[in-house]
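Asks: Next comes the structure file start19.tsv, holding TSV, C-alpha atoms.
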chain	number	residue	atom	x	y	z
A	275	ALA	CA	-14.27	-10.05	-1.88
A	276	GLN	CA	-12.79	-7.23	0.09
A	277	LYS	CA	-13.29	-3.72	-1.21
A	278	ILE	CA	-12.29	-0.23	-0.08
A	279	THR	CA	-14.09	2.94	-1.15
A	280	GLN	CA	-12.73	6.44	-0.80
A	281	THR	CA	-15.29	8.85	-2.22
A	282	GLN	CA	-13.31	12.08	-1.90
A	283	PRO	CA	-10.81	12.42	-4.75
A	284	GLY	CA	-9.59	15.73	-3.36
A	285	MET	CA	-9.91	17.75	-0.16
A	286	PHE	CA	-8.75	21.17	0.96
A	287	VAL	CA	-8.15	22.21	4.56
A	288	GLN	CA	-6.73	25.31	6.13
A	289	GLU	CA	-3.62	25.06	8.21
A	290	LYS	CA	-4.34	24.29	11.88
A	291	GLU	CA	-7.85	23.03	11.11
A	292	ALA	CA	-9.00	19.42	11.45
A	293	VAL	CA	-10.00	17.32	8.44
A	294	THR	CA	-11.76	13.99	8.01
A	295	LEU	CA	-10.94	11.66	5.14
A	296	ASP	CA	-13.65	9.10	4.44
A	297	CYS	CA	-13.20	5.37	3.97
A	298	THR	CA	-15.79	2.63	3.76
A	299	TYR	CA	-15.07	-1.03	3.31
A	300	ASP	CA	-16.80	-4.25	2.46
A	301	THR	CA	-15.88	-7.66	3.76
A	302	SER	CA	-17.57	-10.84	4.88
A	303	ASP	CA	-14.65	-11.79	7.09
A	304	PRO	CA	-15.30	-11.02	10.79
A	305	SER	CA	-11.59	-10.48	11.41
A	306	TYR	CA	-9.67	-7.82	9.54
A	307	GLY	CA	-7.32	-4.90	9.90
A	308	LEU	CA	-7.66	-1.38	8.58
A	309	PHE	CA	-4.70	0.83	7.70
A	310	TRP	CA	-4.10	4.37	6.55
A	311	TYR	CA	-1.04	5.34	4.54
A	312	LYS	CA	0.24	8.72	3.40
A	313	GLN	CA	1.94	9.10	0.03
A	314	PRO	CA	3.70	12.45	-0.47
A	315	SER	CA	4.83	13.56	-3.89
A	316	SER	CA	8.09	11.67	-3.36
A	317	GLY	CA	6.07	8.48	-3.81
A	318	GLU	CA	6.90	6.54	-0.68
A	319	MET	CA	4.03	4.98	1.27
A	320	ILE	CA	4.18	6.04	4.92
A	321	PHE	CA	2.19	4.06	7.49
A	322	LEU	CA	0.01	6.28	9.70
A	323	ILE	CA	-2.41	4.26	11.78
A	324	TYR	CA	-3.95	0.81	12.26
A	325	GLN	CA	-7.31	-0.40	13.58
A	326	GLY	CA	-8.16	-4.03	14.23
A	327	SER	CA	-11.73	-5.17	13.73
A	328	TYR	CA	-11.99	-6.37	17.32
A	329	ASP	CA	-10.41	-3.30	18.87
A	330	GLN	CA	-12.85	-1.68	21.26
A	331	GLN	CA	-11.35	1.78	21.11
A	332	ASN	CA	-10.59	4.01	18.16
A	333	ALA	CA	-6.92	4.09	17.28
A	334	THR	CA	-4.90	7.27	17.79
A	335	GLU	CA	-1.36	8.17	16.78
A	336	GLY	CA	-0.37	11.73	17.56
A	337	ARG	CA	-2.44	14.03	15.34
A	338	TYR	CA	-4.05	11.07	13.58
A	339	SER	CA	-7.11	9.28	14.83
A	340	LEU	CA	-9.31	6.70	13.22
A	341	ASN	CA	-13.08	7.03	13.57
A	342	PHE	CA	-14.04	3.36	13.40
A	343	GLN	CA	-17.76	2.60	13.02
A	344	LYS	CA	-17.95	-1.13	12.57
A	345	ALA	CA	-21.69	-1.39	11.97
A	346	ARG	CA	-21.44	1.19	9.19
A	347	LYS	CA	-18.20	-0.36	7.88
A	348	SER	CA	-16.42	2.94	7.93
A	349	ALA	CA	-12.91	3.85	9.04
A	350	ASN	CA	-12.45	7.57	8.58
A	351	LEU	CA	-9.10	9.22	9.21
A	352	VAL	CA	-9.13	12.42	11.25
A	353	ILE	CA	-6.11	14.70	11.07
A	354	SER	CA	-6.09	17.39	13.73
A	355	ALA	CA	-4.20	20.69	13.54
A	356	SER	CA	-3.30	20.27	9.86
A	357	GLN	CA	0.16	21.27	8.74
A	358	LEU	CA	1.47	22.19	5.30
A	359	GLY	CA	3.48	18.97	5.34
A	360	ASP	CA	0.26	16.98	5.51
A	361	SER	CA	-0.39	17.75	1.85
A	362	ALA	CA	-0.26	14.34	0.17
A	363	MET	CA	-2.32	11.42	-1.11
A	364	TYR	CA	-3.94	9.36	1.62
A	365	PHE	CA	-4.86	5.72	1.11
A	366	CYS	CA	-7.15	3.55	3.18
A	367	ALA	CA	-6.38	-0.17	3.06
A	368	MET	CA	-7.75	-3.38	4.52
A	369	ARG	CA	-6.43	-6.84	5.10
A	370	GLU	CA	-8.68	-9.76	5.98
A	371	VAL	CA	-7.15	-12.32	8.32
A	372	THR	CA	-7.49	-14.95	5.58
A	373	ALA	CA	-5.82	-12.80	2.92
A	374	SER	CA	-2.18	-12.19	2.08
A	375	LYS	CA	-2.61	-8.77	0.61
A	376	LEU	CA	-3.65	-5.26	1.49
A	377	THR	CA	-6.52	-3.99	-0.62
A	378	PHE	CA	-6.26	-0.27	-1.22
A	379	GLY	CA	-8.77	2.43	-2.02
A	380	THR	CA	-8.21	4.92	-4.82
A	381	GLY	CA	-6.95	7.57	-2.43
A	382	THR	CA	-7.79	11.14	-1.41
A	383	ARG	CA	-5.51	14.02	-2.31
A	384	LEU	CA	-5.31	16.44	0.63
A	385	GLN	CA	-4.11	19.98	0.11
A	386	VAL	CA	-3.37	22.09	3.17
A	387	THR	CA	-3.60	25.82	2.56
A	388	LEU	CA	-2.41	28.85	4.53
B	273	GLY	CA	17.45	0.85	11.38
B	274	ALA	CA	17.36	0.67	7.61
B	275	GLY	CA	14.01	0.58	5.88
B	276	VAL	CA	12.97	-1.30	2.78
B	277	SER	CA	15.22	-0.49	-0.15
B	278	GLN	CA	14.54	-0.95	-3.84
B	279	SER	CA	16.66	-0.71	-6.94
B	280	PRO	CA	16.79	0.76	-9.44
B	281	SER	CA	14.75	3.83	-8.51
B	282	ASN	CA	13.97	4.43	-12.17
B	283	LYS	CA	14.06	2.10	-15.15
B	284	VAL	CA	13.36	2.98	-18.76
B	285	THR	CA	13.19	0.09	-21.18
B	286	GLU	CA	12.03	-0.71	-24.65
B	287	LYS	CA	8.96	-2.78	-25.35
B	288	GLY	CA	9.84	-6.45	-25.51
B	289	LYS	CA	12.85	-6.30	-23.21
B	290	ASP	CA	13.07	-8.08	-19.87
B	291	VAL	CA	13.53	-6.13	-16.63
B	292	GLU	CA	14.55	-7.12	-13.12
B	293	LEU	CA	13.53	-5.14	-10.04
B	294	ARG	CA	15.14	-5.71	-6.67
B	295	CYS	CA	13.83	-5.38	-3.12
B	296	ASP	CA	15.75	-5.54	0.16
B	297	PRO	CA	13.32	-5.94	3.07
B	298	ILE	CA	13.80	-4.76	6.62
B	299	SER	CA	16.12	-7.14	8.43
B	300	GLY	CA	14.17	-9.71	10.43
B	301	HIS	CA	10.97	-9.31	8.44
B	302	THR	CA	9.73	-12.68	7.27
B	303	ALA	CA	6.99	-11.42	4.96
B	304	LEU	CA	7.58	-9.60	1.70
B	305	TYR	CA	5.04	-8.16	-0.75
B	306	TRP	CA	5.13	-6.67	-4.24
B	307	TYR	CA	2.52	-4.15	-5.40
B	308	ARG	CA	2.05	-2.15	-8.56
B	309	GLN	CA	0.75	1.42	-8.72
B	310	ARG	CA	-0.35	2.81	-12.04
B	311	LEU	CA	-0.41	6.57	-12.46
B	312	GLY	CA	-3.10	8.18	-10.31
B	313	GLN	CA	-4.36	4.89	-8.94
B	314	GLY	CA	-4.19	2.83	-5.78
B	315	LEU	CA	-1.92	-0.12	-5.24
B	316	GLU	CA	-2.54	-3.53	-6.79
B	317	PHE	CA	-1.21	-6.62	-5.07
B	318	LEU	CA	1.13	-8.78	-7.11
B	319	ILE	CA	2.78	-11.44	-4.94
B	320	TYR	CA	3.48	-12.34	-1.30
B	321	PHE	CA	6.31	-14.33	0.28
B	322	GLN	CA	6.17	-15.66	3.83
B	323	GLY	CA	9.17	-17.50	5.16
B	324	ASN	CA	9.69	-20.80	3.38
B	325	SER	CA	6.02	-21.20	2.41
B	326	ALA	CA	4.92	-21.29	-1.19
B	327	PRO	CA	4.36	-17.71	-2.38
B	328	ASP	CA	0.89	-16.32	-3.04
B	329	LYS	CA	1.08	-15.42	-6.72
B	330	SER	CA	-2.62	-14.66	-7.12
B	331	GLY	CA	-2.05	-11.03	-8.10
B	332	LEU	CA	0.43	-11.57	-10.92
B	333	PRO	CA	-1.29	-10.18	-14.04
B	334	SER	CA	0.26	-12.58	-16.57
B	335	ASP	CA	2.88	-15.28	-16.94
B	336	ARG	CA	5.33	-12.60	-18.03
B	337	PHE	CA	5.61	-11.66	-14.36
B	338	SER	CA	7.58	-13.74	-11.89
B	339	ALA	CA	9.30	-13.20	-8.58
B	340	GLU	CA	11.79	-14.97	-6.40
B	341	ARG	CA	12.95	-14.61	-2.84
B	342	THR	CA	15.93	-16.26	-1.27
B	343	GLY	CA	15.09	-17.24	2.29
B	344	GLU	CA	14.08	-14.14	4.21
B	345	SER	CA	16.22	-11.72	2.27
B	346	VAL	CA	16.29	-10.09	-1.12
B	347	SER	CA	13.50	-10.50	-3.65
B	348	THR	CA	13.58	-9.98	-7.38
B	349	LEU	CA	10.56	-9.21	-9.55
B	350	THR	CA	11.10	-10.05	-13.21
B	351	ILE	CA	8.95	-8.84	-16.07
B	352	GLN	CA	9.61	-10.56	-19.39
B	353	ARG	CA	8.81	-9.10	-22.80
B	354	THR	CA	7.67	-5.81	-21.28
B	355	GLN	CA	4.61	-4.06	-22.66
B	356	GLN	CA	3.64	-0.40	-22.44
B	357	GLU	CA	0.86	-1.25	-19.97
B	358	ASP	CA	3.55	-2.49	-17.57
B	359	SER	CA	4.60	1.13	-17.03
B	360	ALA	CA	3.98	1.84	-13.34
B	361	VAL	CA	5.67	2.22	-10.00
B	362	TYR	CA	6.50	-1.14	-8.45
B	363	LEU	CA	6.47	-1.03	-4.67
B	364	CYS	CA	7.88	-3.60	-2.32
B	365	ALA	CA	6.84	-3.93	1.32
B	366	SER	CA	7.87	-6.10	4.22
B	367	SER	CA	6.34	-6.97	7.59
B	368	PHE	CA	7.57	-8.73	10.68
B	369	SER	CA	5.28	-11.68	10.13
B	370	GLY	CA	2.53	-12.41	7.66
B	371	MET	CA	-0.28	-11.78	10.12
B	372	SER	CA	-3.10	-9.50	9.06
B	373	GLY	CA	-2.47	-6.97	11.82
B	374	ASP	CA	1.18	-6.53	11.02
B	375	THR	CA	2.10	-3.23	9.43
B	376	GLN	CA	3.57	-3.42	5.98
B	377	TYR	CA	6.46	-1.01	5.51
B	378	PHE	CA	7.06	0.14	1.98
B	379	GLY	CA	10.16	0.92	0.00
B	380	PRO	CA	10.52	3.98	-2.24
B	381	GLY	CA	9.48	2.05	-5.34
B	382	THR	CA	10.89	1.52	-8.81
B	383	ARG	CA	9.37	3.65	-11.54
B	384	LEU	CA	9.25	1.57	-14.71
B	385	THR	CA	8.69	3.22	-18.06
B	386	VAL	CA	8.23	1.03	-21.13
B	387	LEU	CA	8.71	2.91	-24.39
Written as structure tokens, how would this file's structure read?

Replies:
Amino acid sequence: AQKITQTQPGMFVQEKEAVTLDCTYDTSDPSYGLFWYKQPSSGEMIFLIYQGSYDQQNATEGRYSLNFQKARKSANLVISASQLGDSAMYFCAMREVTASKLTFGTGTRLQVTL
Amino acid sequence: GAGVSQSPSNKVTEKGKDVELRCDPISGHTALYWYRQRLGQGLEFLIYFQGNSAPDKSGLPSDRFSAERTGESVSTLTIQRTQQEDSAVYLCASSFSGMSGDTQYFGPGTRLTVL
């Protein structure tokens, strides 16, 4: 069964600094996709970045990059040059090619400080 | 273009009543998903619709929960005889196809409170 683990319930980072949010996953399926979503206090889930299991390069989207280490089954999110608006819950999720659903981790609450 | 919309945004009901939650997916998206998010937790999958295929209902927690979708448009999630443990935010998502690499785009959710 697929499983996502986010071990950091809360993180603090200073504005303009970089921060890494950890995510490890467990699956026996060789083909899967990994996603990161941001959930601000308004509650909406905002898609940030996607990494396919067969992608050779780490995904990047603006200030977001995904540090994908397949052998270690980790997919950490790196946010560069943090902004106050980055304060939110961040969820890592996975979908196996054989599955209908996204499986989510429990999330990390990021607080950006001045 | 318009994103996923959900209604109502908030619903307060009494224990034992039935509720209906609505989701309007992004136009052209064939796949539609319902998730539930309890306070302070991650999202739990409920049900998945893909085109005209039989829905994947494997995440529905009990037979009090059901959902319908007409073609590739609106979906309705119905909870019968609501219980206090049904209190949560119900999120709908849609994607272009049902493939694993397709991004699921979420609506703003319906916050359900069962008194």

Asks: Would you kindly report the residues of chain B within 10 Å of chain A, using only C-alpha atoms, as a JSON list (two decimals) with C-alpha atoms, keeping the file's coordinate frame?

Replies:
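Below is the file that was written, part-v2.json:
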[["chain", "number", "residue", "atom", "x", "y", "z"],
["B", 303, "ALA", "CA", 6.99, -11.42, 4.96],
["B", 305, "TYR", "CA", 5.04, -8.16, -0.75],
["B", 306, "TRP", "CA", 5.13, -6.67, -4.24],
["B", 307, "TYR", "CA", 2.52, -4.15, -5.40],
["B", 312, "GLY", "CA", -3.10, 8.18, -10.31],
["B", 313, "GLN", "CA", -4.36, 4.89, -8.94],
["B", 314, "GLY", "CA", -4.19, 2.83, -5.78],
["B", 315, "LEU", "CA", -1.92, -0.12, -5.24],
["B", 316, "GLU", "CA", -2.54, -3.53, -6.79],
["B", 317, "PHE", "CA", -1.21, -6.62, -5.07],
["B", 318, "LEU", "CA", 1.13, -8.78, -7.11],
["B", 319, "ILE", "CA", 2.78, -11.44, -4.94],
["B", 320, "TYR", "CA", 3.48, -12.34, -1.30],
["B", 321, "PHE", "CA", 6.31, -14.33, 0.28],
["B", 322, "GLN", "CA", 6.17, -15.66, 3.83],
["B", 327, "PRO", "CA", 4.36, -17.71, -2.38],
["B", 328, "ASP", "CA", 0.89, -16.32, -3.04],
["B", 329, "LYS", "CA", 1.08, -15.42, -6.72],
["B", 330, "SER", "CA", -2.62, -14.66, -7.12],
["B", 331, "GLY", "CA", -2.05, -11.03, -8.10],
["B", 361, "VAL", "CA", 5.67, 2.22, -10.00],
["B", 363, "LEU", "CA", 6.47, -1.03, -4.67],
["B", 365, "ALA", "CA", 6.84, -3.93, 1.32],
["B", 370, "GLY", "CA", 2.53, -12.41, 7.66],
["B", 371, "MET", "CA", -0.28, -11.78, 10.12],
["B", 372, "SER", "CA", -3.10, -9.50, 9.06],
["B", 373, "GLY", "CA", -2.47, -6.97, 11.82],
["B", 374, "ASP", "CA", 1.18, -6.53, 11.02],
["B", 375, "THR", "CA", 2.10, -3.23, 9.43],
["B", 376, "GLN", "CA", 3.57, -3.42, 5.98],
["B", 377, "TYR", "CA", 6.46, -1.01, 5.51],
["B", 378, "PHE", "CA", 7.06, 0.14, 1.98],
["B", 379, "GLY", "CA", 10.16, 0.92, 0.00],
["B", 380, "PRO", "CA", 10.52, 3.98, -2.24],
["B", 381, "GLY", "CA", 9.48, 2.05, -5.34],
["B", 382, "THR", "CA", 10.89, 1.52, -8.81],
["B", 383, "ARG", "CA", 9.37, 3.65, -11.54]]

Asks: Between CA of Leu384 in chain A and CA of Ile278 in chain A, what is the spacing in Å?

Replies: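 Separating CA of Ile278 in chain A from CA of Leu384 in chain A is a distance of 18.1 Å.
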
Asks: Show me the residues around (-2.5, 17.7, 0.9) - criterion: an atom at most 6 Å away, only C-alpha atoms counted - as a PyMOL selection string.

Replies: chain A and resi 360-362+383-386

Asks: So that I can check the surroundings of Tyr338 in chain A, please list as a ChimeraX atom specification every protein, DNA and RNA residue that reaches within 9 Å of it, counting only C-alpha atoms and ignoring chain neighbours fewer than 5 positions away.

Replies: /A:322-323,333,351-354

Asks: In Å, with one decimal, what is the gap from CA of Leu295 in chain A to CA of Asn332 in chain A?

Replies: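 Going from CA of Leu295 in chain A over to CA of Asn332 in chain A, I get 15.1 Å.
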
Asks: Please report the interatomic distance between CA of Ala345 in chain A and CA of Thr281 in chain A in Å with one decimal.

Replies: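 Straight-line distance from CA of Ala345 in chain A to CA of Thr281 in chain A works out to 18.6 Å.
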
Asks: Fewer than 4 positions away in the same chain doesn't count, so skip those; otherwise give me all residues within 8 Å of Ile298 in chain B, counting all atoms listed in the file, as a PyMOL selection string.

Replies: chain B and resi 274-276+366-367

Asks: Env of Leu293 in chain B: 9 Å cut, atoms = only C-alpha atoms, seq-sep filter 2 positions within chain, self excluded. Answer as a ChimeraX atom specification.

Replies: /B:278-280,283,291,295,347-351,362,382

Asks: Let me know the centre plus edge lengths, in Å and rounded to one decimal, of a box with edges along x, y and z that contains all listed atoms of range 353-359 of chain A and is padded by 6 Å on every side, as lines of an AutoDock Vina configuration file.

Replies:
center_x = -1.3
center_y = 18.4
center_z = 9.5
size_x = 21.6
size_y = 19.5
size_z = 20.4

Asks: Could I get range 295-331 of chain A rebuilt with N, CA and C atoms, written as a JSON list (two decimals), in the frame of the given file?

Replies:
[["chain", "number", "residue", "atom", "x", "y", "z"],
["A", 295, "LEU", "N", -11.00, 12.36, 6.44],
["A", 295, "LEU", "CA", -10.94, 11.66, 5.14],
["A", 295, "LEU", "C", -11.75, 10.37, 5.26],
["A", 296, "ASP", "N", -12.69, 10.20, 4.34],
["A", 296, "ASP", "CA", -13.65, 9.10, 4.44],
["A", 296, "ASP", "C", -13.12, 7.80, 3.85],
["A", 297, "CYS", "N", -13.53, 6.70, 4.47],
["A", 297, "CYS", "CA", -13.20, 5.37, 3.97],
["A", 297, "CYS", "C", -14.30, 4.42, 4.39],
["A", 298, "THR", "N", -14.87, 3.72, 3.44],
["A", 298, "THR", "CA", -15.79, 2.63, 3.76],
["A", 298, "THR", "C", -15.23, 1.35, 3.16],
["A", 299, "TYR", "N", -15.63, 0.24, 3.76],
["A", 299, "TYR", "CA", -15.07, -1.03, 3.31],
["A", 299, "TYR", "C", -16.16, -2.09, 3.27],
["A", 300, "ASP", "N", -15.85, -3.14, 2.58],
["A", 300, "ASP", "CA", -16.80, -4.25, 2.46],
["A", 300, "ASP", "C", -16.03, -5.54, 2.62],
["A", 301, "THR", "N", -16.48, -6.36, 3.54],
["A", 301, "THR", "CA", -15.88, -7.66, 3.76],
["A", 301, "THR", "C", -16.87, -8.57, 4.44],
["A", 302, "SER", "N", -16.74, -9.86, 4.19],
["A", 302, "SER", "CA", -17.57, -10.84, 4.88],
["A", 302, "SER", "C", -16.77, -11.53, 5.98],
["A", 303, "ASP", "N", -15.51, -11.18, 6.08],
["A", 303, "ASP", "CA", -14.65, -11.79, 7.09],
["A", 303, "ASP", "C", -14.85, -11.03, 8.40],
["A", 304, "PRO", "N", -15.08, -11.73, 9.52],
["A", 304, "PRO", "CA", -15.30, -11.02, 10.79],
["A", 304, "PRO", "C", -14.00, -10.46, 11.37],
["A", 305, "SER", "N", -12.87, -10.92, 10.88],
["A", 305, "SER", "CA", -11.59, -10.48, 11.41],
["A", 305, "SER", "C", -10.77, -9.82, 10.31],
["A", 306, "TYR", "N", -10.41, -8.57, 10.55],
["A", 306, "TYR", "CA", -9.67, -7.82, 9.54],
["A", 306, "TYR", "C", -8.94, -6.65, 10.18],
["A", 307, "GLY", "N", -8.03, -6.07, 9.43],
["A", 307, "GLY", "CA", -7.32, -4.90, 9.90],
["A", 307, "GLY", "C", -7.47, -3.77, 8.90],
["A", 308, "LEU", "N", -7.53, -2.57, 9.41],
["A", 308, "LEU", "CA", -7.66, -1.38, 8.58],
["A", 308, "LEU", "C", -6.45, -0.49, 8.77],
["A", 309, "PHE", "N", -5.93, 0.04, 7.68],
["A", 309, "PHE", "CA", -4.70, 0.83, 7.70],
["A", 309, "PHE", "C", -4.91, 2.12, 6.91],
["A", 310, "TRP", "N", -4.20, 3.15, 7.34],
["A", 310, "TRP", "CA", -4.10, 4.37, 6.55],
["A", 310, "TRP", "C", -2.63, 4.64, 6.25],
["A", 311, "TYR", "N", -2.38, 4.99, 4.98],
["A", 311, "TYR", "CA", -1.04, 5.34, 4.54],
["A", 311, "TYR", "C", -1.08, 6.73, 3.90],
["A", 312, "LYS", "N", 0.05, 7.41, 4.03],
["A", 312, "LYS", "CA", 0.24, 8.72, 3.40],
["A", 312, "LYS", "C", 1.27, 8.56, 2.29],
["A", 313, "GLN", "N", 0.98, 9.15, 1.14],
["A", 313, "GLN", "CA", 1.94, 9.10, 0.03],
["A", 313, "GLN", "C", 2.22, 10.52, -0.45],
["A", 314, "PRO", "N", 3.33, 11.11, 0.01],
["A", 314, "PRO", "CA", 3.70, 12.45, -0.47],
["A", 314, "PRO", "C", 4.15, 12.36, -1.92],
["A", 315, "SER", "N", 4.46, 13.51, -2.47],
["A", 315, "SER", "CA", 4.83, 13.56, -3.89],
["A", 315, "SER", "C", 6.09, 12.77, -4.18],
["A", 316, "SER", "N", 6.88, 12.49, -3.17],
["A", 316, "SER", "CA", 8.09, 11.67, -3.36],
["A", 316, "SER", "C", 7.75, 10.22, -3.70],
["A", 317, "GLY", "N", 6.53, 9.80, -3.39],
["A", 317, "GLY", "CA", 6.07, 8.48, -3.81],
["A", 317, "GLY", "C", 6.10, 7.39, -2.76],
["A", 318, "GLU", "N", 6.82, 7.61, -1.67],
["A", 318, "GLU", "CA", 6.90, 6.54, -0.68],
["A", 318, "GLU", "C", 5.61, 6.44, 0.12],
["A", 319, "MET", "N", 5.23, 5.23, 0.46],
["A", 319, "MET", "CA", 4.03, 4.98, 1.27],
["A", 319, "MET", "C", 4.43, 4.98, 2.74],
["A", 320, "ILE", "N", 3.83, 5.88, 3.51],
["A", 320, "ILE", "CA", 4.18, 6.04, 4.92],
["A", 320, "ILE", "C", 3.00, 5.56, 5.76],
["A", 321, "PHE", "N", 3.23, 4.58, 6.62],
["A", 321, "PHE", "CA", 2.19, 4.06, 7.49],
["A", 321, "PHE", "C", 1.81, 5.12, 8.53],
["A", 322, "LEU", "N", 0.50, 5.30, 8.73],
["A", 322, "LEU", "CA", 0.01, 6.28, 9.70],
["A", 322, "LEU", "C", -0.63, 5.64, 10.91],
["A", 323, "ILE", "N", -1.59, 4.72, 10.68],
["A", 323, "ILE", "CA", -2.41, 4.26, 11.78],
["A", 323, "ILE", "C", -3.08, 2.94, 11.41],
["A", 324, "TYR", "N", -3.35, 2.13, 12.45],
["A", 324, "TYR", "CA", -3.95, 0.81, 12.26],
["A", 324, "TYR", "C", -5.11, 0.61, 13.24],
["A", 325, "GLN", "N", -6.16, -0.05, 12.74],
["A", 325, "GLN", "CA", -7.31, -0.40, 13.58],
["A", 325, "GLN", "C", -7.67, -1.85, 13.33],
["A", 326, "GLY", "N", -7.71, -2.65, 14.36],
["A", 326, "GLY", "CA", -8.16, -4.03, 14.23],
["A", 326, "GLY", "C", -9.66, -4.12, 14.39],
["A", 327, "SER", "N", -10.26, -5.09, 13.74],
["A", 327, "SER", "CA", -11.73, -5.17, 13.73],
["A", 327, "SER", "C", -12.30, -5.48, 15.11],
["A", 328, "TYR", "N", -11.50, -6.05, 15.99],
["A", 328, "TYR", "CA", -11.99, -6.37, 17.32],
["A", 328, "TYR", "C", -11.55, -5.35, 18.37],
["A", 329, "ASP", "N", -10.84, -4.33, 17.92],
["A", 329, "ASP", "CA", -10.41, -3.30, 18.87],
["A", 329, "ASP", "C", -11.61, -2.53, 19.37],
["A", 330, "GLN", "N", -11.68, -2.34, 20.67],
["A", 330, "GLN", "CA", -12.85, -1.68, 21.26],
["A", 330, "GLN", "C", -12.75, -0.16, 21.16],
["A", 331, "GLN", "N", -11.53, 0.33, 21.15],
["A", 331, "GLN", "CA", -11.35, 1.78, 21.11],
["A", 331, "GLN", "C", -10.81, 2.22, 19.75]]
